[in-house]
Amino acid sequence: MSLPIVHHADYDAISVPDAHRFPMRKYTLVADLLRQRGASFTVPAHAPESWLHLAHDPAYVTAVLTSSVEEKTARRIGFEMTPAIAARTRASVGGTCLAMRLALEHGAAVSLAGGSHHAHYEGGAGFCVFNDVAVAARLAIEEGLASRVAVIDCDVHHGDGTAAIFAGEPRVFTSSLHCEDNWPREKPPSDLDVGLPKGAGDGPYIEALDNLIGQVFAQARPDLVFYNAGVDPHADDRLGHLQLSDDGLRSRDLRVAEACARHGVPVVGVLGGGYSRDAEAVARRHTFMVDALAAITAVSA
């Protein structure tokens with residue numbers, strides 16, 4: 001597999017039972033599945049504090065890194081803010097930033113974590129501590145690696161944190177394809193939002209996706225894409241309310257990958273959400289995105 005894949009043991013830094021809504025061990029499981037298929041990984045460094053300031057309030061960053069986050073903020077996030085959680089989220093941000101650099105070199109790359117799109121400038125929420133895609137997008141622009149960035153967010157939940165962080169930022173085009181009647185209740189506008197009704201299945205979803213992809217490339221003309229490939233639109237997901245099948249997810253991932261390849265735009269894949277009770281099934285579905293991006297890198301090699 002020539003696709004660069006980024007993974008850090010700290011992605012699965014704390015023990016969380018499968019009954020928890022956030023199945024933490026999926027990060028180890030998806031890495032194990034790919035290892036069994038012969039994949040090797042590049043290990044990222046933890047993101048330095050200065051990178052985190054690119055997308056977040058320095059006071060909030062300090063509170064996370066010193067385990068002094070206010071209790072109400074920790075409740076919004078869903079985890080007690082411990083040194084292990086701080087290490088995990090710094091590894092995740094570092095992984096997306098490394099995948100960004102590798103994608104610019106190879107045409108595509110994946111971090112086997114990331115997609116923490118509910119983290120806003122002022123604080124986290126919804127199992128998201130730092131917004132890895134926002135940090136990596138800002139880093140790419142600050143270092144002159146990209147001038148126009150697009151975010152294609154196909155997690156079932158609206159990418160509210162990413163939308164809010166980049167509101168009024170013309171160099172980053174945010175898009176979100178999500179279940180409209182779902183958390184978060186407040187959805188600050190992305191540059192392009194497509195909200196689907198509860199119960200939408202493969203057909204309506206893929207039709208909406210194709211329209212969204214066309215608009216993203218026509219309006220944003222990006223030279224770098226971040227793709228949040230959350231598998232929570234699946235019919236078995238506890239928190240999704242959509243009805244995609246495995247084949248629907250495969251088709252979605254391949255369509256995004258092929259569109260990026262067709263336009264000659266490097267793409268960074270991150271895992272996003274997935275909340276089925278069967279963590280092994282969630283991990284297997286996350287490999288669909290890896291397979292899709294591997295397919296386009298194999299063609300271009």
# chains A, B, ... in the order shown; residues from 1 in each chain; ligands from 1
$ closest_atom_pairs --of "range 96-137 of chain A" --to "range 24-45 of chain A" --cutoff "12 Å" --atoms "only C-alpha atoms" --output "Markdown table"
| residue | atom | partner | partner_atom | distance |
| --- | --- | --- | --- | --- |
| A:Thr96 | CA | A:Pro44 | CA | 8.6 |
| A:Cys97 | CA | A:Pro44 | CA | 8.5 |
| A:Leu98 | CA | A:Pro44 | CA | 6.3 |
| A:Ala99 | CA | A:Pro44 | CA | 8.7 |
| A:Met100 | CA | A:Pro44 | CA | 11.4 |
| A:Arg101 | CA | A:Pro44 | CA | 11.2 |
| A:Leu102 | CA | A:Thr42 | CA | 9.9 |
| A:Ala109 | CA | A:Thr42 | CA | 10.5 |
| A:Val110 | CA | A:Phe41 | CA | 9.9 |
| A:Ser111 | CA | A:Thr42 | CA | 9.2 |
| A:Leu112 | CA | A:Tyr27 | CA | 6.6 |
| A:Ala113 | CA | A:Tyr27 | CA | 6.7 |
| A:Gly114 | CA | A:Tyr27 | CA | 10.1 |
| A:Phe127 | CA | A:Met24 | CA | 10.3 |
$ select_by_dssp --residues "range 123-240 of chain A" --states "strand (DSSP E or B)" --output "NGL selection string"
:A and (125 or 128 or 149-153 or 172-179 or 192-196 or 201 or 224-228 or 234)
$ closest_residue --among "A:Leu239, A:Leu196, A:Ala146, A:Ala163" --to "Arg221 in chain A" --atoms "only C-alpha atoms"
A:Ala146
$ residues_around --residues "Asp155 in chain A" --least-positions-apart "4" --cutoff "8 Å" --atoms "only C-alpha atoms" --output "list in words"
Gly159, Ser176, Leu177, His178, Asn228, Ala229, Gly230, Val231, Asp232, Pro233, Gly272 and Gly273 of chain A
$ atom_distance --atom1 "CA of Asp10 in chain A" --atom2 "CA of Arg88 in chain A"
5.0 Å
$ closest_residue --among "A:Arg171, A:His8, A:Arg250, A:His157" --to "Gly274 in chain A" --atoms "only C-alpha atoms"
A:His157
$ closest_atom_pairs --of "range 116-222 of chain A" --to "range 262-265 of chain A" --cutoff "10 Å" --atoms "only C-alpha atoms" --output "Markdown table"
| residue | atom | partner | partner_atom | distance |
| --- | --- | --- | --- | --- |
| A:Val149 | CA | A:Val265 | CA | 9.9 |
| A:Phe217 | CA | A:His263 | CA | 8.0 |
| A:Arg221 | CA | A:His263 | CA | 9.1 |
| A:Pro222 | CA | A:Val265 | CA | 7.1 |
$ write_last_selection --atoms "N, CA and C atoms" --output "compact mmCIF listing (two decimals), in the first residue's frame"
# COMPACT_ATOMS: atom_id res chain seq x y z
N VAL A 149 -7.85 26.12 0.76
CA VAL A 149 -8.12 24.83 1.39
C VAL A 149 -9.63 24.59 1.42
N PHE A 217 -15.67 22.05 -5.52
CA PHE A 217 -14.57 22.30 -6.46
C PHE A 217 -14.84 23.50 -7.34
N ARG A 221 -12.19 26.04 -5.60
CA ARG A 221 -10.98 25.84 -6.40
C ARG A 221 -9.78 25.55 -5.49
N PRO A 222 -9.88 24.51 -4.65
CA PRO A 222 -8.84 24.29 -3.63
C PRO A 222 -7.56 23.71 -4.21
$ select_by_dssp --residues "range 34-258 of chain A" --states "alpha helix (DSSP H)" --output "ChimeraX atom specification"
/A:34-36,49-52,58-65,71-77,83-106,132-142,160-165,202-220,246-258
$ write_last_selection --atoms "C-alpha atoms" --output "JSON list (two decimals), in the first residue's frame"
[["chain", "number", "residue", "atom", "x", "y", "z"],
["A", 34, "LEU", "CA", -4.45, -2.52, 8.24],
["A", 35, "ARG", "CA", -1.33, -4.16, 9.69],
["A", 36, "GLN", "CA", -2.83, -7.55, 8.89],
["A", 49, "GLU", "CA", 1.57, 24.24, 21.79],
["A", 50, "SER", "CA", 2.21, 26.96, 19.23],
["A", 51, "TRP", "CA", 0.34, 24.98, 16.55],
["A", 52, "LEU", "CA", -2.68, 24.61, 18.81],
["A", 58, "PRO", "CA", -4.33, 30.13, 24.21],
["A", 59, "ALA", "CA", -6.01, 30.13, 27.64],
["A", 60, "TYR", "CA", -8.03, 27.04, 26.68],
["A", 61, "VAL", "CA", -4.94, 25.33, 25.27],
["A", 62, "THR", "CA", -3.08, 25.93, 28.52],
["A", 63, "ALA", "CA", -6.01, 24.59, 30.54],
["A", 64, "VAL", "CA", -6.04, 21.35, 28.52],
["A", 65, "LEU", "CA", -2.29, 20.86, 28.74],
["A", 71, "GLU", "CA", -15.79, 21.31, 34.78],
["A", 72, "LYS", "CA", -18.55, 22.59, 32.49],
["A", 73, "THR", "CA", -16.19, 22.51, 29.51],
["A", 74, "ALA", "CA", -15.08, 18.99, 30.38],
["A", 75, "ARG", "CA", -18.75, 17.95, 30.52],
["A", 76, "ARG", "CA", -19.33, 19.40, 27.05],
["A", 77, "ILE", "CA", -16.36, 17.44, 25.76],
["A", 83, "PRO", "CA", -2.64, 14.17, 30.98],
["A", 84, "ALA", "CA", -3.53, 11.07, 28.94],
["A", 85, "ILE", "CA", -6.33, 12.91, 27.14],
["A", 86, "ALA", "CA", -4.00, 15.85, 26.50],
["A", 87, "ALA", "CA", -1.42, 13.47, 25.02],
["A", 88, "ARG", "CA", -4.06, 11.80, 22.89],
["A", 89, "THR", "CA", -5.39, 15.02, 21.39],
["A", 90, "ARG", "CA", -1.88, 16.41, 20.76],
["A", 91, "ALA", "CA", -1.01, 13.17, 18.97],
["A", 92, "SER", "CA", -4.19, 13.43, 16.91],
["A", 93, "VAL", "CA", -3.45, 17.02, 15.86],
["A", 94, "GLY", "CA", 0.15, 16.11, 15.11],
["A", 95, "GLY", "CA", -1.08, 13.18, 13.03],
["A", 96, "THR", "CA", -3.37, 15.31, 10.87],
["A", 97, "CYS", "CA", -0.62, 17.88, 10.37],
["A", 98, "LEU", "CA", 1.83, 15.18, 9.31],
["A", 99, "ALA", "CA", -0.76, 13.64, 6.99],
["A", 100, "MET", "CA", -1.23, 17.09, 5.45],
["A", 101, "ARG", "CA", 2.47, 17.30, 4.59],
["A", 102, "LEU", "CA", 2.50, 13.75, 3.24],
["A", 103, "ALA", "CA", -0.61, 14.36, 1.13],
["A", 104, "LEU", "CA", 1.05, 17.35, -0.52],
["A", 105, "GLU", "CA", 3.99, 15.10, -1.39],
["A", 106, "HIS", "CA", 2.11, 11.92, -2.42],
["A", 132, "ASP", "CA", -7.09, 18.91, 14.25],
["A", 133, "VAL", "CA", -8.30, 19.80, 10.74],
["A", 134, "ALA", "CA", -8.53, 23.49, 11.64],
["A", 135, "VAL", "CA", -5.00, 23.48, 13.04],
["A", 136, "ALA", "CA", -3.60, 21.62, 10.02],
["A", 137, "ALA", "CA", -5.42, 23.86, 7.53],
["A", 138, "ARG", "CA", -4.11, 26.98, 9.26],
["A", 139, "LEU", "CA", -0.61, 25.50, 9.40],
["A", 140, "ALA", "CA", -0.67, 24.76, 5.67],
["A", 141, "ILE", "CA", -1.67, 28.34, 4.91],
["A", 142, "GLU", "CA", 0.75, 29.92, 7.41],
["A", 160, "ASP", "CA", -19.89, 23.34, 13.73],
["A", 161, "GLY", "CA", -16.48, 24.00, 15.24],
["A", 162, "THR", "CA", -14.73, 24.03, 11.89],
["A", 163, "ALA", "CA", -17.40, 26.29, 10.40],
["A", 164, "ALA", "CA", -17.12, 28.75, 13.29],
["A", 165, "ILE", "CA", -13.32, 28.84, 13.33],
["A", 202, "ASP", "CA", -27.77, 5.39, 0.13],
["A", 203, "GLY", "CA", -29.60, 6.88, -2.86],
["A", 204, "PRO", "CA", -30.47, 10.34, -1.49],
["A", 205, "TYR", "CA", -27.15, 10.53, 0.32],
["A", 206, "ILE", "CA", -25.00, 9.83, -2.74],
["A", 207, "GLU", "CA", -27.06, 12.24, -4.84],
["A", 208, "ALA", "CA", -26.51, 14.97, -2.24],
["A", 209, "LEU", "CA", -22.82, 14.10, -2.01],
["A", 210, "ASP", "CA", -22.29, 14.37, -5.76],
["A", 211, "ASN", "CA", -23.91, 17.82, -5.75],
["A", 212, "LEU", "CA", -21.83, 18.93, -2.78],
["A", 213, "ILE", "CA", -18.56, 17.74, -4.34],
["A", 214, "GLY", "CA", -19.32, 19.58, -7.57],
["A", 215, "GLN", "CA", -20.05, 22.81, -5.71],
["A", 216, "VAL", "CA", -16.95, 22.55, -3.51],
["A", 217, "PHE", "CA", -14.57, 22.30, -6.46],
["A", 218, "ALA", "CA", -16.42, 24.92, -8.51],
["A", 219, "GLN", "CA", -16.62, 27.48, -5.70],
["A", 220, "ALA", "CA", -13.47, 26.84, -3.67],
["A", 246, "ASP", "CA", -21.51, -0.52, 3.99],
["A", 247, "ASP", "CA", -21.71, -0.22, 0.21],
["A", 248, "GLY", "CA", -23.05, 3.32, 0.57],
["A", 249, "LEU", "CA", -20.07, 4.31, 2.71],
["A", 250, "ARG", "CA", -17.67, 2.68, 0.24],
["A", 251, "SER", "CA", -19.26, 4.58, -2.63],
["A", 252, "ARG", "CA", -19.11, 7.85, -0.69],
["A", 253, "ASP", "CA", -15.41, 7.48, 0.10],
["A", 254, "LEU", "CA", -14.50, 6.49, -3.44],
["A", 255, "ARG", "CA", -16.44, 9.43, -4.90],
["A", 256, "VAL", "CA", -14.60, 11.93, -2.74],
["A", 257, "ALA", "CA", -11.24, 10.31, -3.49],
["A", 258, "GLU", "CA", -11.85, 10.17, -7.23]]
$ closest_residue --among "A:Leu242, A:Thr287, A:Met81, A:Val151" --to "Val69 in chain A" --atoms "only C-alpha atoms"
A:Met81
$ residues_around --residues "Ala279 in chain A" --least-positions-apart "2" --cutoff "8 Å" --atoms "only C-alpha atoms" --output "list in words"
Asp18, Pro23, Arg25, Lys26, Leu29, Tyr275, Ser276, Arg277, Ala281, Val282 and Ala283 of chain A
$ atom_distance --atom1 "CA of Gly195 in chain A" --atom2 "CA of Gly168 in chain A"
21.2 Å
$ atom_distance --atom1 "CA of Ser245 in chain A" --atom2 "CA of Asn131 in chain A"
27.9 Å
$ residues_around --residues "Ala294 in chain A" --least-positions-apart "5" --cutoff "9 Å" --atoms "only C-alpha atoms" --output "PyMOL selection string"
chain A and resi 1-4+108-109+289+299
$ closest_residue --among "A:Ala9, A:Phe130, A:His120, A:Gly269" --to "Ala47 in chain A" --atoms "only C-alpha atoms"
A:Phe130
